[in-house]
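Written below as structure tokens is the structure these notes are about.
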Amino acid sequence: MQRRIRRTALVVMLAGTAQAVLAACGGNGSPAPAVTATVTAPAPTVTVTATPTAPAPPPTPSAPAARPTAPPQGAERPTVELTGDPAAAGKELDRLKKTGWWNPNKIEYADDPVTALQQFDRWLSKGYIAPGGAWTPAGVAAVRAANESGEEL
């Protein structure tokens, strides 16, 4: 009997702690309420009350990581050295990324570096890529037209 009471008390304590943790992690910004759990066993009644502390404030954001600076508006278009070698194409894309013209975060390119370099060269020659690596207004219009017609850009 004593063993059953201890187990019940342990279960109640764990359940109360779990409820307190869940209430504290609610994320609504208000203080978490006290959690009370009561279990009546054949012998004594065990009551456990847990009052969680307020959650810690979120960490202060740090300065953003340095990004390549975009060339000034009207900057001269870079020359692109097309290659069939994936390693050389990767190096060329890295070079273009450093200049700010190739930015895979602004325009989605193929995963293959050779194909991505060919896409960049084709779109750059058509005037679809702006000096920051994003689409120009003509590029946005071309993407919209390609999406509607189903043709390749």
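Labeling convention for the structure tokens: chains A, B, ... as they appear, residues from 1 per chain, ligands from 1 in order of appearance.
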
Excluding segment 79-92 of chain A and any residue of its chain fewer than 3 positions from it, enumerate the residues within 12 Å of it, using only C-alpha atoms, and give them as a PyMOL selection string. chain A and resi 76+95-99+101-102+111-125

If you run DSSP over the backbone, which residues in segment 91-147 of chain A end up alpha helix (DSSP H)? Put them as a PyMOL selection string. chain A and resi 91-99+113-125+137-147

Tell me, as a list of chain:residue names, which residues lie within 10 Å of Asn103 of chain A, counting only C-alpha atoms; anything in the same chain fewer than 6 positions away does not count.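 Contacts, with the query itself left out: A:Pro68, A:Ala70, A:Leu93, A:Asp94, A:Leu96, A:Lys97, A:Tyr109, A:Phe120, A:Ile129, A:Pro131, A:Gly132, A:Gly133, A:Ala134.
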
Same residues, N, CA, C and O atoms, saved as a short mmCIF file (atom, residue, chain, number, x, y, z; two decimals), in the first residue's frame:
```cif
data_model
loop_
_atom_site.label_atom_id
_atom_site.label_comp_id
_atom_site.auth_asym_id
_atom_site.auth_seq_id
_atom_site.Cartn_x
_atom_site.Cartn_y
_atom_site.Cartn_z
N PRO A 68 27.69 40.46 -49.35
CA PRO A 68 28.41 41.21 -50.38
C PRO A 68 27.62 42.45 -50.76
O PRO A 68 26.41 42.41 -50.87
N ALA A 70 26.13 45.22 -53.02
CA ALA A 70 25.69 45.26 -54.42
C ALA A 70 26.42 46.39 -55.12
O ALA A 70 26.67 47.44 -54.54
N LEU A 93 30.93 31.19 -60.54
CA LEU A 93 29.76 31.64 -59.80
C LEU A 93 30.17 32.32 -58.49
O LEU A 93 29.57 33.33 -58.10
N ASP A 94 31.18 31.79 -57.83
CA ASP A 94 31.69 32.44 -56.62
C ASP A 94 32.21 33.84 -56.92
O ASP A 94 31.98 34.79 -56.17
N LEU A 96 31.26 35.77 -59.40
CA LEU A 96 30.11 36.63 -59.70
C LEU A 96 29.32 36.97 -58.44
O LEU A 96 28.76 38.06 -58.32
N LYS A 97 29.31 36.05 -57.50
CA LYS A 97 28.62 36.31 -56.22
C LYS A 97 29.33 37.41 -55.45
O LYS A 97 28.69 38.27 -54.85
N TYR A 109 18.26 29.37 -59.19
CA TYR A 109 19.03 28.81 -60.29
C TYR A 109 19.05 27.28 -60.16
O TYR A 109 18.70 26.73 -59.13
N PHE A 120 22.48 32.11 -65.74
CA PHE A 120 22.88 33.47 -65.38
C PHE A 120 23.33 34.24 -66.61
O PHE A 120 22.91 35.38 -66.83
N ILE A 129 18.66 40.54 -65.19
CA ILE A 129 19.28 40.53 -63.88
C ILE A 129 19.80 41.93 -63.54
O ILE A 129 20.54 42.53 -64.33
N PRO A 131 21.86 44.76 -60.94
CA PRO A 131 23.16 44.75 -60.28
C PRO A 131 23.16 44.16 -58.86
O PRO A 131 24.20 43.84 -58.36
N GLY A 132 22.07 43.98 -58.20
CA GLY A 132 22.07 43.36 -56.86
C GLY A 132 21.82 41.88 -56.90
O GLY A 132 21.78 41.22 -55.87
N GLY A 133 21.63 41.30 -58.09
CA GLY A 133 21.38 39.89 -58.21
C GLY A 133 19.91 39.53 -58.26
O GLY A 133 19.55 38.37 -58.31
N ALA A 134 19.03 40.53 -58.26
CA ALA A 134 17.58 40.29 -58.33
C ALA A 134 17.11 40.49 -59.77
O ALA A 134 17.87 40.88 -60.64
#
```

Between atom CA of Pro104 of chain A and atom CA of Pro137 of chain A, what is the distance, to one decimal in Å?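 Computing the Euclidean distance for atom CA of Pro104 of chain A and atom CA of Pro137 of chain A yields 17.7 Å.
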
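When the distance limit is 9 Å and only C-alpha atoms are what count, the residues near Gly139 of chain A, minus those fewer than 3 positions from it on the same chain, are Trp123, Lys126, Gly127, Tyr128, Ile129, Ala130, Ala134, Trp135, Thr136, Ala142, Val143 and Arg144 of chain A.
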
Would you mind exporting the chosen residues as a PDB file, in the first residue's frame, restricted to C-alpha atoms?
```pdb
ATOM      1  CA  TRP A 123      19.357  36.058 -68.323  1.00  0.00           C
ATOM      2  CA  LYS A 126      18.701  39.621 -71.965  1.00  0.00           C
ATOM      3  CA  GLY A 127      18.796  42.317 -69.277  1.00  0.00           C
ATOM      4  CA  TYR A 128      16.773  40.298 -66.760  1.00  0.00           C
ATOM      5  CA  ILE A 129      19.284  40.534 -63.875  1.00  0.00           C
ATOM      6  CA  ALA A 130      19.837  43.727 -61.884  1.00  0.00           C
ATOM      7  CA  ALA A 134      17.582  40.289 -58.330  1.00  0.00           C
ATOM      8  CA  TRP A 135      15.238  40.456 -61.302  1.00  0.00           C
ATOM      9  CA  THR A 136      14.904  43.688 -63.257  1.00  0.00           C
ATOM     10  CA  ALA A 142       9.553  37.572 -68.442  1.00  0.00           C
ATOM     11  CA  VAL A 143       9.147  35.246 -65.444  1.00  0.00           C
ATOM     12  CA  ARG A 144       5.435  36.050 -65.268  1.00  0.00           C
TER      13      ARG A 144
END
```
